[in-house]
Each structure stands twice: as C-alpha cells, then as structure tokens.
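*Asks:* Once you've had a glance at the structure underneath, I'll fire off some questions.
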Amino acid sequence: MSMDVRHINAFLEATKAVFSSMVKMPVTFEKPELSSRCGQYDVSGVIGLSGDVVGSVIVGFTKMSAVQIASSFAGCRLEVGTADFADAIGELANMIAGGAKAKFEGQSVSIGCPSVIIAPGHQVSSPSSAAGICIHCNTAAGRFTIDVAIQSSTKVQAAPITAAANGTKSAISANAAA
Amino acid sequence: MRVLVVDDSKTMRNIVKGVLATVGATAIEEASDGQDALSRVDAFKPDIILLDWNMPVMDGITFVKTYRVKNKTTPIIMVTTEAEKSRVMEAILAGVNNYAVKPFTPESLSKIIETTIAKAAAKKAA
C-alpha cells in the first residue's frame with residue numbers, strides 16, 4: 001500500500017492552520033520521509049484514526065520545543081508534567097489530526113481522544129503492517145515531528161505518491177501485505 | 001452576556017474565555033463535558049453556549065439534543081475540529097445555531113459570537 005499524497009498535504013495544511021491561528025508561530029516543513037516509527041521524543045501527543053483510514057498520528061517534540069509551543073498556544077508559561085501542559089499538547093494534536101481528517105475527501109474518518117506521553121527519549125511504535133510518513137517541522141521554538149502511520153487494511157482511494165511537499169519529486173511507497 | 005463554555009480541554013476553555021472578554025461577556029461558567037454542562041444550565045441561565053463536540057462522558061451533540069428538548073431558544077455555537085459538511089449539517093439539525101471550526105483566530109470566533117447573538121436578538125424582537 002502507498003501513502004496518499006493528499007493525506008500528507010492534509011497534515012501539512014492542518015499544521016500550518018493551527019500554528020498560524022492559535023500558536024501564532026510560523027512553521028516550515030522538511031521533505032516528508034518514510035517513517036519507521038523510530039523517532040525519539042521527550043513529549044508526544046498520540047491520536048488514533050478509525051473508519052476508512054485506520055492508523056495513528058504522533059506529534060512529537062523535544063522538551064524545549066514542547067514547552068515553548070504549548071506555552072505560546074496557551075498564552076501563558078506551561079511547565080512539563082503539569083495537567084495544563086498535557087492538556088495543551090493533547091489539544092494541539094487533536095486540532096492537527098482533526099484538521100487533516102476533515103480534508104480526506106470521500107473518506108469517513110474518526111479520531112480518538114489524544115494521549116500525551118512525557119518521558120525523555122521515548123519511542124512510539126506501530127504494527128508492522130502500518131505504512132508511515134514522517135514530517136519534520138521547524139519553528140522559532142524548535143523542531144517537532146508529525147508521524148502518521150496507516151495500516152495496510154485501510155481503504156485508500158488514490159494513486160501512489162509521485163510528488164512530495166516542497167515541489168520535489170520522489171517516489172515514496174511502502175509495500176505491505178494486503 | 002452570560003456564557004457557558006463547554007470543552008474538555010482547559011486550554012481551549014481559557015482561549016475561548018479570552019475571546020469572550022472582548023465581546024462583552026459579563027459572566028462565564030465552564031463545563032468539561034455535556035453532562036457537566038446539563039447540570040449547570042438551569043442554575044446559570046446562559047445567554048449563549050459555546051460547545052465542543054468530542055468530549056468524554058457526554059459529547060456535544062448529545063448535550064444539544066438533550067438541552068433542546070426543554071430549551072429551544074438559547075443560542076448554541078459548536079466550537080470543534082469536526083469540519084465535514086455532514087457533521088455541520090448534523091449539528092444544525094440537532095439544534096446548533098452556529099459553527100466555529102478549530103483552529104480559529106480570536107477575530108473569527110468573536111465575529112461568529114457577535115453574529116449569533118445579533119441573530120438571536122433579532123429573532124426575539126420579531
């Protein structure tokens with residue numbers, strides 16, 4: 001199964017919208033990469049996808065980027081380990097995933113309640129049947145990552161990727177057993 | 001203007017309260033889910049309700065359907081990430097008066113609140 005470029009663009013657009021309107025911080029994107037879910041984070045918001053697209057979304061941060069981004073979103077200084085901090089991270093993940101899934105044309109998708117993981121250098125894994133894309137994002141507060149993994153049994157109605165973000169062409173596909 | 005803000009995220013409630021301060025809210029009550037909101041509406045008597053959709057215990061749509069059985073007039077604005085047309089229609093059919101999609105700018109939300117209040121006032125005057 002190949003990742004649909006429209007899914008990637010949906011996450012890029014949703015992230016940009018969240019950061020421009022509510023975090024009030026410009027965000028730029030690096031070229032999407034295949035994800036093996038090996039990324040290590042200090043803070044991550046994790047949301048499940050269900051329906052026509054089954055998988056999960058991780059929004060992963062370093063401690064520093066998480067504190068600065070969450071604080072900018074909340075409009076006040078938030079400290080790691082507090083309920084308010086976890087709430088802000090969860091809500092950011094919720095809006096990114098929610099904004100993206102609204103753009104999955106012709107697909108009915110639900111998102112679950114976010115989970116927030118706070119532990120230095122942790123990793124979040126997925127089933128081996130999940131094909132993933134990783135988008136590293138840069139802001140004035142540092143770098144964070146959006147890692148989307150979709151399981152192979154998902155119904156995806158689009159041609160394989162032929163163009164990645166930033167206008168460069170590359171074939172990104174992950175073959176998984178049906 | 002008395003406003004009930006219903007969202008399971010305290011961060012979002014605080015952001016919405018910030019916007020409400022700019023549109024003349026005089027009293028604000030908070031609830032963290034639909035059930036919590038139902039327990040507060042009768043005593044608080046809001047002039048308007050700002051309501052999230054996806055919440056634990058009782059979601060926004062269930063709150064609207066339950067609330068509208070007895071109260072058909074207090075305006076409700078759904079403030080949610082659910083942006084699909086089908087979801088908007090579902091909310092309107094349930095009795096929501098207006099819809100704000102997250103993420104939003106303070107300016108866009110304040111405009112939606114002002115428009116909703118103005119429409120409700122005009123309907124009441126008619």
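Lettering and numbering for the structure tokens are positional, with chains as A, B, ... in the shown order, residues counted from 1 in each chain, and ligands counted from 1 in the shown order.
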Using only C-alpha atoms and a cut-off of 10 Å, which residues of chain A sit close to chain B? Please list them as a ChimeraX atom specification.
*Replies:* /A:14-15,17-24,70,73-75,83-92,94-105,108,110-113
*Asks:* Which residues in segment 9-87 of chain A does DSSP call strand (DSSP E)? List them as a list of chain:residue names.
*Replies:*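 Going through segment 9-87 of chain A, the strand (DSSP E) residues come out as A:Thr28, A:Phe29, A:Glu33, A:Leu34, A:Ser35, A:Gln40, A:Tyr41, A:Asp42, A:Val43, A:Ser44, A:Gly45, A:Val46, A:Ile47, A:Gly48, A:Leu49, A:Ser50, A:Gly51, A:Gly55, A:Ser56, A:Val57, A:Ile58, A:Val59, A:Gly60, A:Phe61.
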*Asks:* Can you tell me, as a PyMOL selection string, what residues are no more than 12 Å from segment 117-126 of chain B when counting only C-alpha atoms, ignoring any on the same chain fewer than 5 positions away?
*Replies:* chain B and resi 1-3+23-25+46-50+72-77+97-98+110-112
*Asks:* Based on DSSP run over this structure's backbone, return all residues of chain B in alpha helix (DSSP H), as an MDAnalysis selection string.
*Replies:* chainID B and resid 10:22 34:44 60:70 85:94 106:125
*Asks:* If you take only C-alpha atoms and a cut-off of 7 Å, which residues of segment 112-137 of chain A touch segment 42-64 of chain A, and what are their nearest atom pairs and distances in Å to one decimal, in chain and number order, as CSV?
*Replies:*
```
residue,atom,partner,partner_atom,distance
A:Gly112,CA,A:Gly48,CA,5.3
A:Cys113,CA,A:Ile47,CA,6.4
A:Pro114,CA,A:Ile47,CA,4.7
A:Ser115,CA,A:Val46,CA,5.1
A:Val116,CA,A:Gly45,CA,4.5
A:Ile117,CA,A:Ser44,CA,5.2
A:Ile118,CA,A:Val43,CA,4.6
A:Ala119,CA,A:Asp42,CA,5.2
A:Pro120,CA,A:Asp42,CA,4.2
A:Gly121,CA,A:Asp42,CA,5.1
A:His122,CA,A:Asp42,CA,6.2
```
*Asks:* Expressed in Å to a single decimal, how great is the separation between atom CA of Ser126 of chain A and atom CA of Gln68 of chain A?
*Replies:*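 Between these atoms lies a distance of 27.8 Å.
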*Asks:* To one decimal in Å, tell me the separation between atom CA of Gly95 of chain B and atom CA of Trp53 of chain B.
*Replies:*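 Separation between atom CA of Gly95 of chain B and atom CA of Trp53 of chain B: 13.1 Å.
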*Asks:* One number please: atom CA of Glu30 of chain A to atom CA of Glu13 of chain A, in Å, one decimal.
*Replies:*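 Distance between the two atoms: 13.6 Å.
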*Asks:* Using only C-alpha atoms, which of the listed residues (B:Ala31, B:Leu38, B:Ala100, B:Ile113) sits closest to Arg13 of chain B?
*Replies:*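 Comparing B:Ala31, B:Leu38, B:Ala100, B:Ile113 against Arg13 of chain B, the winner is B:Ala31.
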*Asks:* Excluding same-chain residues fewer than 4 positions from Ser65 of chain A, what lies within 9 Å of it counting only C-alpha atoms, as a PyMOL selection string?
*Replies:* chain A and resi 61+69-70+139-144
*Asks:* Find the residues around Asp59 of chain B up to 10 Å (only C-alpha atoms counted), leave out those fewer than 2 positions away in its own chain, and share them as a PyMOL selection string.
*Replies:* chain B and resi 6-8+33-35+51-57+61-64
